[in-house]
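A.B. asks: The structure follows.
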Amino acid sequence: MDMGKVNSMDFREFMEVFGNVIERCPLIAAAVWSQSPFSDWEDLARHFSAFIDALPQSGKEGVLRCYPDLAGHDLHQGTLTAESQREHSVAGLMSLGANEGLRLAELNSQYRARFGFPFVLAARLSDRETVFRELERRLRCPSALELRTALGEVKKIGRLRLADLFGVDPAARL
């Protein structure tokens, strides 16, 4: 995909392609569409990030609440988005053993109870051991720091999803 094509997309086309860059938050893609033209995929990523940064705290928390628990209810119900399913798979979360699944469910529950939103991690940059380690570590973080950390992960996920759409390797720039 090239930027000329992106910049010439009408609203419907843009939403079909970019509507889930930020998990289940098509409103963000709609707002970003209104800011075209974009110079390159990184400029597009900056617009997504800037929109998130400009939200009030309640909006930021709302964005986080759109993400599924890792290996949680949506996975078991088959309602993960295609993007989340791929990310869970890369991290090895689709094949947890029974004890691992129970432990992750308990940690997810503790995290959600403590912070009011699900644990968000760019899972495809992790493996299952890292997921557990990060979840346990972040459970001990102060709330304000954790909100910033979780939103940073949202932005990483968005950049990875955009990089996929543009066929580029974002690894050096995350």
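Scheme for the structure tokens: letters A, B, ... for chains in order shown; per-chain residue numbers from 1; ligand numbers from 1 in order shown.
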Report as an MDAnalysis selection string all protein, DNA and RNA residues lying within 8 Å of segment 9-16 of chain A, evaluated on only C-alpha atoms, omitting residues in the same chain fewer than 6 positions from it.

C.D. replies: chainID A and resid 26 29:30 33

A.B. asks: Identify, on the basis of only C-alpha atoms, every residue whose closest approach to Asp127 of chain A does not exceed 7 Å; exclude the query and any residue fewer than 3 positions from it along the same chain; express the result as a list in words.

C.D. replies: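 Once the nearby chain positions are removed, what remains is Ala91, Gly92, Thr130 and Val131 of chain A.
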
A.B. asks: Take the residues just selected and output them with N, CA and C atoms as a CSV table (one decimal), in the first residue's frame.

C.D. replies:
chain,number,residue,atom,x,y,z
A,91,ALA,N,2.5,-14.8,20.4
A,91,ALA,CA,3.0,-14.8,21.8
A,91,ALA,C,2.8,-16.2,22.4
A,92,GLY,N,2.2,-17.2,21.7
A,92,GLY,CA,2.0,-18.5,22.3
A,92,GLY,C,0.8,-18.5,23.3
A,130,THR,N,7.3,-13.8,29.0
A,130,THR,CA,7.3,-12.4,29.1
A,130,THR,C,6.0,-11.8,29.5
A,131,VAL,N,4.9,-12.4,28.9
A,131,VAL,CA,3.6,-11.9,29.3
A,131,VAL,C,3.3,-12.1,30.8

A.B. asks: How many Å separate atom CA of Ala144 of chain A from atom CA of Arg124 of chain A?

C.D. replies: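 Computing the Euclidean distance for atom CA of Ala144 of chain A and atom CA of Arg124 of chain A yields 24.8 Å.
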
A.B. asks: From segment 7-95 of chain A, collect each residue whose DSSP state is helix (DSSP H, G or I) and return the set as a compact mmCIF listing (two decimals) with N, CA and C atoms, in the first residue's frame.

C.D. replies:
# COMPACT_ATOMS: atom_id res chain seq x y z
N ASN A 7 -4.06 8.42 0.84
CA ASN A 7 -4.54 9.81 0.84
C ASN A 7 -5.72 10.03 -0.10
N PHE A 11 -13.86 8.02 3.06
CA PHE A 11 -14.05 7.64 4.46
C PHE A 11 -14.28 6.14 4.62
N ARG A 12 -15.19 5.59 3.84
CA ARG A 12 -15.53 4.16 3.96
C ARG A 12 -14.30 3.29 3.73
N GLU A 13 -13.54 3.57 2.69
CA GLU A 13 -12.34 2.78 2.41
C GLU A 13 -11.32 2.88 3.55
N PHE A 14 -11.11 4.11 4.02
CA PHE A 14 -10.16 4.32 5.10
C PHE A 14 -10.57 3.51 6.33
N MET A 15 -11.84 3.55 6.66
CA MET A 15 -12.33 2.82 7.84
C MET A 15 -12.19 1.31 7.66
N GLU A 16 -12.43 0.80 6.47
CA GLU A 16 -12.27 -0.63 6.23
C GLU A 16 -10.83 -1.07 6.46
N VAL A 17 -9.89 -0.25 6.05
CA VAL A 17 -8.48 -0.61 6.17
C VAL A 17 -7.92 -0.30 7.56
N PHE A 18 -8.24 0.86 8.11
CA PHE A 18 -7.58 1.34 9.33
C PHE A 18 -8.47 1.37 10.57
N PRO A 26 -12.89 2.41 16.20
CA PRO A 26 -12.95 3.02 14.88
C PRO A 26 -13.10 4.53 14.92
N LEU A 27 -13.58 5.07 16.02
CA LEU A 27 -13.70 6.52 16.14
C LEU A 27 -12.34 7.20 15.97
N ILE A 28 -11.29 6.56 16.47
CA ILE A 28 -9.95 7.14 16.33
C ILE A 28 -9.56 7.17 14.87
N ALA A 29 -9.80 6.08 14.15
CA ALA A 29 -9.48 6.06 12.71
C ALA A 29 -10.29 7.12 11.97
N ALA A 30 -11.53 7.31 12.36
CA ALA A 30 -12.37 8.33 11.71
C ALA A 30 -11.78 9.72 11.92
N ALA A 31 -11.33 10.00 13.13
CA ALA A 31 -10.73 11.30 13.41
C ALA A 31 -9.42 11.47 12.64
N VAL A 32 -8.64 10.41 12.55
CA VAL A 32 -7.37 10.47 11.82
C VAL A 32 -7.62 10.70 10.33
N TRP A 33 -8.61 10.04 9.77
CA TRP A 33 -8.93 10.22 8.34
C TRP A 33 -9.12 11.70 8.01
N TRP A 41 3.79 6.24 6.32
CA TRP A 41 3.09 5.43 7.33
C TRP A 41 3.42 5.89 8.74
N GLU A 42 4.63 6.40 8.96
CA GLU A 42 5.00 6.88 10.29
C GLU A 42 4.23 8.16 10.64
N ASP A 43 3.98 9.00 9.66
CA ASP A 43 3.16 10.20 9.88
C ASP A 43 1.74 9.77 10.27
N LEU A 44 1.23 8.78 9.59
CA LEU A 44 -0.09 8.24 9.93
C LEU A 44 -0.09 7.71 11.36
N ALA A 45 0.95 6.98 11.73
CA ALA A 45 1.07 6.45 13.10
C ALA A 45 1.11 7.60 14.12
N ARG A 46 1.82 8.66 13.80
CA ARG A 46 1.88 9.81 14.71
C ARG A 46 0.49 10.43 14.92
N HIS A 47 -0.32 10.45 13.87
CA HIS A 47 -1.67 10.99 14.01
C HIS A 47 -2.52 10.12 14.95
N PHE A 48 -2.39 8.80 14.82
CA PHE A 48 -3.10 7.92 15.75
C PHE A 48 -2.64 8.18 17.19
N SER A 49 -1.34 8.26 17.39
CA SER A 49 -0.80 8.49 18.73
C SER A 49 -1.21 9.84 19.28
N ALA A 50 -1.16 10.87 18.45
CA ALA A 50 -1.52 12.21 18.90
C ALA A 50 -2.98 12.28 19.34
N PHE A 51 -3.85 11.56 18.62
CA PHE A 51 -5.25 11.55 19.01
C PHE A 51 -5.40 10.95 20.40
N ILE A 52 -4.72 9.84 20.64
CA ILE A 52 -4.79 9.18 21.95
C ILE A 52 -4.24 10.11 23.02
N ASP A 53 -3.11 10.75 22.75
CA ASP A 53 -2.49 11.65 23.73
C ASP A 53 -3.41 12.81 24.09
N ALA A 54 -4.21 13.27 23.16
CA ALA A 54 -5.08 14.43 23.38
C ALA A 54 -6.35 14.09 24.16
N GLN A 57 -8.24 11.77 30.55
CA GLN A 57 -7.94 10.49 31.19
C GLN A 57 -9.05 9.47 30.98
N SER A 58 -10.31 9.90 31.10
CA SER A 58 -11.42 8.96 30.93
C SER A 58 -11.44 8.37 29.52
N GLY A 59 -11.09 9.17 28.51
CA GLY A 59 -11.02 8.68 27.15
C GLY A 59 -9.88 7.70 26.96
N LYS A 60 -8.75 7.98 27.58
CA LYS A 60 -7.60 7.07 27.50
C LYS A 60 -7.94 5.73 28.14
N GLU A 61 -8.60 5.79 29.29
CA GLU A 61 -9.01 4.55 29.95
C GLU A 61 -10.04 3.82 29.09
N GLY A 62 -10.91 4.56 28.42
CA GLY A 62 -11.89 3.95 27.52
C GLY A 62 -11.23 3.22 26.37
N VAL A 63 -10.17 3.80 25.81
CA VAL A 63 -9.42 3.12 24.75
C VAL A 63 -8.86 1.80 25.28
N LEU A 64 -8.29 1.84 26.46
CA LEU A 64 -7.72 0.61 27.04
C LEU A 64 -8.79 -0.45 27.26
N ARG A 65 -9.99 -0.03 27.64
CA ARG A 65 -11.07 -0.99 27.90
C ARG A 65 -11.55 -1.69 26.62
N HIS A 73 -11.59 -14.09 27.91
CA HIS A 73 -12.95 -14.41 27.46
C HIS A 73 -13.09 -14.37 25.93
N ASP A 74 -12.59 -13.31 25.30
CA ASP A 74 -12.75 -13.19 23.85
C ASP A 74 -12.06 -14.33 23.11
N LEU A 75 -10.92 -14.75 23.59
CA LEU A 75 -10.23 -15.88 22.97
C LEU A 75 -11.08 -17.14 23.08
N HIS A 76 -11.59 -17.39 24.27
CA HIS A 76 -12.37 -18.61 24.49
C HIS A 76 -13.72 -18.59 23.81
N GLN A 77 -14.27 -17.40 23.58
CA GLN A 77 -15.55 -17.28 22.89
C GLN A 77 -15.40 -17.16 21.38
N ALA A 82 -9.32 -10.29 14.21
CA ALA A 82 -8.29 -11.03 13.47
C ALA A 82 -6.89 -10.58 13.90
N GLU A 83 -6.73 -9.28 14.12
CA GLU A 83 -5.43 -8.75 14.53
C GLU A 83 -5.03 -9.29 15.91
N SER A 84 -5.96 -9.27 16.86
CA SER A 84 -5.66 -9.77 18.20
C SER A 84 -5.40 -11.27 18.18
N GLN A 85 -6.13 -11.99 17.37
CA GLN A 85 -5.91 -13.43 17.27
C GLN A 85 -4.48 -13.72 16.80
N ARG A 86 -4.04 -12.99 15.80
CA ARG A 86 -2.68 -13.18 15.30
C ARG A 86 -1.65 -12.83 16.38
N GLU A 87 -1.88 -11.74 17.08
CA GLU A 87 -0.95 -11.30 18.13
C GLU A 87 -0.90 -12.29 19.29
N HIS A 88 -2.04 -12.83 19.68
CA HIS A 88 -2.08 -13.86 20.72
C HIS A 88 -1.31 -15.10 20.27
N SER A 89 -1.48 -15.47 19.02
CA SER A 89 -0.84 -16.66 18.49
C SER A 89 0.68 -16.52 18.50
N VAL A 90 1.17 -15.38 18.04
CA VAL A 90 2.63 -15.16 17.99
C VAL A 90 3.23 -15.26 19.39
N LEU A 93 -0.07 -17.59 23.21
CA LEU A 93 -1.19 -17.55 24.15
C LEU A 93 -2.39 -18.37 23.70
N MET A 94 -2.34 -18.92 22.50
CA MET A 94 -3.45 -19.72 22.00
C MET A 94 -3.35 -21.17 22.49
N SER A 95 -2.21 -21.52 23.08
CA SER A 95 -2.00 -22.92 23.47
C SER A 95 -1.48 -23.03 24.90

A.B. asks: From the list A:Pro118, A:Ile157, A:Leu70, A:Phe166, which residue is nearest Lys5 of chain A when using only C-alpha atoms?

C.D. replies: A:Phe166

A.B. asks: Give me, as a list in words, all polymer residues having an atom no more than 9 Å from Arg138 of chain A, counting only C-alpha atoms and skipping those fewer than 4 positions away in the same chain.

C.D. replies: Tyr111, Phe119, Arg133, Glu134, Pro142, Glu146 and Thr149 of chain A

A.B. asks: May I have the residues from that selection written out with C-alpha atoms, as a JSON list (two decimals), in the first residue's frame?

C.D. replies:
[["chain", "number", "residue", "atom", "x", "y", "z"],
["A", 111, "TYR", "CA", -4.95, -6.27, 37.12],
["A", 119, "PHE", "CA", -3.65, -5.52, 30.84],
["A", 133, "ARG", "CA", 6.54, -11.59, 33.95],
["A", 134, "GLU", "CA", 5.30, -8.21, 32.66],
["A", 142, "PRO", "CA", 1.53, 3.13, 40.54],
["A", 146, "GLU", "CA", 0.60, 2.08, 34.53],
["A", 149, "THR", "CA", 2.69, 2.27, 30.13]]

A.B. asks: Of the residues A:Pro170, A:Gly97, A:Gly72, A:Pro37, which is the one nearest to Ser109 of chain A, using only C-alpha atoms?

C.D. replies: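 When distances to Ser109 of chain A are compared using only C-alpha atoms, the smallest one comes from A:Gly72.
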
A.B. asks: Find, counting only C-alpha atoms, the residue in A:Ala98, A:Ser143, A:Leu135, A:Met3 that gets nearest to Arg114 of chain A.

C.D. replies: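 The shortest atom-to-atom distance to Arg114 of chain A comes from A:Ser143.
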
A.B. asks: Which residues are close to Ala122 of chain A, i.e. within 7 Å by only C-alpha atoms, leaving aside same-chain residues fewer than 3 positions away? Reply as a PyMOL selection string.

C.D. replies: chain A and resi 125+153+156-157

A.B. asks: Just to be explicit: take each residue in the selection above, keep C-alpha atoms, and write the result as a PDB file, in the first residue's frame.

C.D. replies:
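New file again_8.pdb:
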ATOM      1  CA  LEU A 125       6.804  -8.725  20.682  1.00  0.00           C
ATOM      2  CA  GLU A 153       1.615  -0.497  24.478  1.00  0.00           C
ATOM      3  CA  LYS A 156       3.129   0.002  19.816  1.00  0.00           C
ATOM      4  CA  ILE A 157       0.308  -2.312  18.768  1.00  0.00           C
TER       5      ILE A 157
END

A.B. asks: How many Å lie between atom CA of Gly158 of chain A and atom CA of Asn20 of chain A, rounded to one decimal?

C.D. replies: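 The value is 8.6 Å.
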
A.B. asks: Pick from A:Ala163, A:Cys66, A:Leu104, A:Val21: nearest to Arg128 of chain A, with only C-alpha atoms counted?

C.D. replies: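 Closest residue, counting only C-alpha atoms: A:Leu104.
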